[in-house]
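Here the structure comes first, spelled out in structure tokens, and everything after it is commentary.
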Amino acid sequence: MGDLFRHGGHLIRVAGLFVAGVLVFLVLQALLVPEGFGVYGHYRAGAIEENRVRPVAFAGRAACVECHSDVPDAMKGGRHAAVHCEACHGPLAGHAVDPAEKKAARPDSRALCARCHAANVARPARFPQVEVKEHAGDEACTTCHAAHKPGLEKGVTQ
Amino acid sequence: MNHDRRDFLARSGKLLFLTGAAQLAFDAVLRGEPESAPNYKTTDHWWGMTVDVEKCIGCGNCVRACKEENDVPREPFYFRTWVERYHVPNGDIERPQVDSPDGGYDGFPEKYRTGDGAKSFFVPKLCNHCAHSPCVQVCPVGATFESPDGVVLVDKTYCLGCRYCVQACPYGCRYIDPRTHTVDKCSLCYHRITKGLTTACCETCPTEARVLGDLKNPKDPIHEFLRTHKVQVLKPQMATGSKTYYSGLDGSVR
């Protein structure tokens with residue numbers, strides 16, 4: 001014990017160093033580590049929220065059906081019944097929020113139908129495909145087919 | 001007790017280090033509830049996707065929808081999701097011909113003929129949202145991470161643009177956004193799925209070739225799909241823990 005007191009000066013200096021070290025660590029940590037870093041892992045916790053708070057472009061079928069409930073009825077039983085509205089009509093979240101602001105465009109049937117139904121070797125063989133030019137000439141697809149419920153048996157419009 | 005100065009300094013060094021670690025941990029405790037948003041708990045979900053190759057018709061709806069939804073640069077062409085066309089002559093799965101004109105954005109102009117003894121098919125690609133992502137492991141600053149609900153996300157404000165992750169991703173799913181010079185990738189439409197919507201690509205897929213699934217929800221149809229289909233992930237030998245499950249995948253697909 002006597003030794004400790006005799007060399008107490010050393011202890012005080014070391015304790016001072018220790019406190020200074022802690023302070024430097026805390027200051028550096030506060031400056032360098034962003035807020036929320038390490039809460040869930042080696043990343044900023046706030047980044048999760050930042051990834052969430054973006055507006056959507058596609059409203060989703062549920063939103064469309066809220067007003068246009070007649071369309072799913074028309075599609076029922078047809079081969080397009082499972083196709084979601086915005087697959088053909090494009091992103092319409094703006095329209096879902098304010099129907100007056102952004103109107104859904106009526107898609108050009110020849111370009112639109114061909115995207116899926118133009119013959120292509122790589123398409124699954126059982127998927128209905130046509131050589132558009134041979135099949136329809138210059139006629140619009142909707143002349144014969146109802147887009148919401150295609151098929152010549154029932155869906156034919158004229 | 002016999003203390004020498006070296007021993008004392010070693011002990012105080014350790015204490016100093018541990019104080020810092022304890023403080024970090026305590027910060028986490030103080031921060032409290034992890035989920036600031038109502039009705040969505042990250043710990044209740046574990047997102048994945050199924051892709052049925054045999055249903056993909058190569059229409060490119062997913063590519064266009066993804067670009068619209070996520071503001072992906074159109075020119076030059078970068079992709080969060082894209083579609084590849086495989087053409088495998090003579091069943092030689094070692095040498096497939098693969099093309100993806102503009103990622104399938106404008107569809108696939110017919111290039112092959114029927115009856116040439118080859119098989120052709122489309123394969124949609126996207127981030128596989130690996131549970132053990134190589135891209136996350138290499139990020140030097142923690143700007144990309146696996147979220148608690150299993151989505152590999154990017155912290156745009158923290159990314160340096162060093163491109164390590166672009167090289168590390170075995171699936172080529174990352175690109176450097178030419179406008180911000182930071183990395184960008186599929187976020188599995190995190191802003192949509194956390195609001196109860198499906199991803200833009202799944203929303204617009206006309207044949208339901210790709211379907212989003214919550215692996216933590218026992219009622220999600222993804223479980224039925226995984227039980228009833230023979231599924232595979234891409235590059236299983238890399239043990240990335242991919243959560244994008246392909247059904248009907250050919251051995252030629254890389």
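Letters for chains follow the order of the structure tokens (A, B, ...), residue numbers begin at 1 for each chain, and ligand numbers begin at 1 in the order shown.
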
Compile a residue-level contact table for chain B against chain A at a cut-off of 7 Å, reporting for every qualifying residue the shortest atom pair and its distance in Å to one decimal, with only C-alpha atoms counted, rows ordered by chain and ascending number, as a tab-separated table.
```
residue	atom	partner	partner_atom	distance
B:Leu16	CA	A:Val22	CA	6.4
B:Ala28	CA	A:Val39	CA	5.1
B:Glu54	CA	A:Pro124	CA	6.4
B:Lys55	CA	A:Pro124	CA	6.9
B:Ile57	CA	A:Arg123	CA	4.9
B:Gly58	CA	A:Arg123	CA	7.0
B:Cys59	CA	A:Cys116	CA	5.2
B:Asn61	CA	A:Ala87	CA	6.8
B:Glu68	CA	A:Ala57	CA	6.9
B:Glu69	CA	A:Ala57	CA	5.1
B:Gly107	CA	A:Arg115	CA	6.5
B:Glu110	CA	A:Asn120	CA	5.7
B:Tyr112	CA	A:Val121	CA	6.5
B:Arg113	CA	A:Val121	CA	6.5
B:Thr114	CA	A:Val121	CA	6.0
B:Ser120	CA	A:Ala122	CA	4.4
B:Phe121	CA	A:Ala122	CA	4.3
B:Phe122	CA	A:Ala122	CA	6.3
B:Gly142	CA	A:Tyr43	CA	4.7
B:Ala143	CA	A:Tyr43	CA	6.2
B:Phe145	CA	A:Tyr43	CA	6.5
B:Asp155	CA	A:Ala47	CA	5.3
B:Tyr190	CA	A:Arg52	CA	5.8
B:His191	CA	A:Arg52	CA	4.0
B:Arg192	CA	A:Val56	CA	6.6
B:Leu197	CA	A:Gly60	CA	6.7
B:Ala200	CA	A:Phe58	CA	6.6
B:Glu203	CA	A:His84	CA	6.5
B:Thr204	CA	A:Ala87	CA	4.0
B:Cys205	CA	A:Ala87	CA	6.5
B:Pro206	CA	A:Val83	CA	4.8
B:Thr207	CA	A:Val83	CA	6.9
```

Serialized selection, C-alpha atoms, as a compact mmCIF listing (two decimals), in the first residue's frame:
```
# COMPACT_ATOMS: atom_id res chain seq x y z
CA LEU B 16 -11.81 1.39 -22.75
CA ALA B 28 -29.83 0.03 -29.55
CA GLU B 54 -42.31 -22.39 -68.21
CA LYS B 55 -44.84 -19.60 -67.86
CA ILE B 57 -43.59 -15.50 -72.45
CA GLY B 58 -40.91 -12.83 -72.73
CA CYS B 59 -43.35 -9.93 -73.07
CA ASN B 61 -43.91 -6.23 -68.95
CA GLU B 68 -41.53 2.96 -64.30
CA GLU B 69 -41.91 2.05 -60.67
CA GLY B 107 -39.79 -7.66 -76.22
CA GLU B 110 -38.03 -13.39 -83.49
CA TYR B 112 -34.74 -18.37 -84.28
CA ARG B 113 -36.79 -20.76 -86.38
CA THR B 114 -38.84 -23.69 -85.26
CA SER B 120 -35.58 -21.87 -76.56
CA PHE B 121 -37.06 -20.26 -73.51
CA PHE B 122 -37.11 -17.05 -71.51
CA GLY B 142 -22.42 -0.90 -44.55
CA ALA B 143 -24.34 0.81 -47.35
CA PHE B 145 -27.61 -4.88 -46.13
CA ASP B 155 -28.54 2.91 -48.37
CA TYR B 190 -39.75 -2.52 -50.70
CA HIS B 191 -41.93 0.61 -50.79
CA ARG B 192 -44.78 -1.53 -52.17
CA LEU B 197 -48.93 -4.43 -52.49
CA ALA B 200 -44.37 -3.94 -59.88
CA GLU B 203 -48.31 -6.90 -60.58
CA THR B 204 -47.85 -6.65 -64.34
CA CYS B 205 -46.79 -10.22 -65.16
CA PRO B 206 -49.69 -11.43 -67.32
CA THR B 207 -49.01 -15.15 -66.87
```

Polymer residues at most 10 Å from Pro148 (chain B), only C-alpha atoms, same-chain spacing of 4 or more positions, as a list in words =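 Using only C-alpha atoms, the neighbours found are Tyr40, Gly41 and Ile48 of chain A; Pro34, Lys41, Thr42, Thr43, Asp44, His45, Trp46, Trp47 and Val152 of chain B.
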
Same residues, C-alpha atoms, output as an mmCIF file, in the first residue's frame:
```cif
data_model
loop_
_atom_site.group_PDB
_atom_site.id
_atom_site.type_symbol
_atom_site.label_atom_id
_atom_site.label_comp_id
_atom_site.auth_asym_id
_atom_site.auth_seq_id
_atom_site.Cartn_x
_atom_site.Cartn_y
_atom_site.Cartn_z
ATOM 1 C CA TYR A 40 -30.036 -4.155 -36.552
ATOM 2 C CA GLY A 41 -26.702 -4.875 -38.133
ATOM 3 C CA ILE A 48 -34.919 0.736 -44.081
ATOM 4 C CA PRO B 34 -37.441 -1.330 -34.372
ATOM 5 C CA LYS B 41 -43.296 -5.456 -38.532
ATOM 6 C CA THR B 42 -40.119 -6.370 -40.331
ATOM 7 C CA THR B 43 -39.673 -9.390 -38.123
ATOM 8 C CA ASP B 44 -43.002 -10.853 -39.277
ATOM 9 C CA HIS B 45 -41.909 -11.262 -42.888
ATOM 10 C CA TRP B 46 -39.294 -13.070 -44.931
ATOM 11 C CA TRP B 47 -39.663 -12.181 -48.578
ATOM 12 C CA VAL B 152 -31.239 -6.805 -49.791
#
```

Contacts of region 130-132 of chain B at 6 Å (only C-alpha atoms; same-chain gap of 2+ positions) as number ranges by chain | B: 128, 240-243

CA of Tyr86 (chain B) to CA of Gly103 (chain B): how many Å, to one decimal?
->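 Distance between the two atoms: 12.8 Å.
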
Write out as a ChimeraX atom specification all residues of region 5-144 of chain A that backbone DSSP assigns to helix (DSSP H, G or I).
-> /A:5-6,8-32,46-52,61-67,70-75,85-89,93-97,109-117,132-136,141-143

Pull the strand (DSSP E) assignments for region 22-145 of chain B out of DSSP run on the backbone, and list those residues as a ChimeraX atom specification.
-> /B:47-52,81-89,97-99,118-126,144-145

Using only C-alpha atoms, which residues sit within 6 Å of region 164-170 of chain B once same-chain residues fewer than 2 positions away are excluded, as a PDB file with C-alpha atoms, in the first residue's frame?
```pdb
ATOM      1  CA  PRO B 134     -21.879 -11.768 -51.258  1.00  0.00           C
ATOM      2  CA  CYS B 135     -22.648  -8.146 -52.137  1.00  0.00           C
ATOM      3  CA  CYS B 162     -16.849   1.893 -54.898  1.00  0.00           C
ATOM      4  CA  GLY B 172     -25.030  -9.380 -62.147  1.00  0.00           C
ATOM      5  CA  ARG B 174     -26.282  -4.371 -59.556  1.00  0.00           C
TER       6      ARG B 174
END
```

Work out how far CA of Arg13 (chain A) is from CA of Asp4 (chain B), in Å to one decimal.
->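 Calculated distance between CA of Asp4 (chain B) and CA of Arg13 (chain A) is 15.0 Å.
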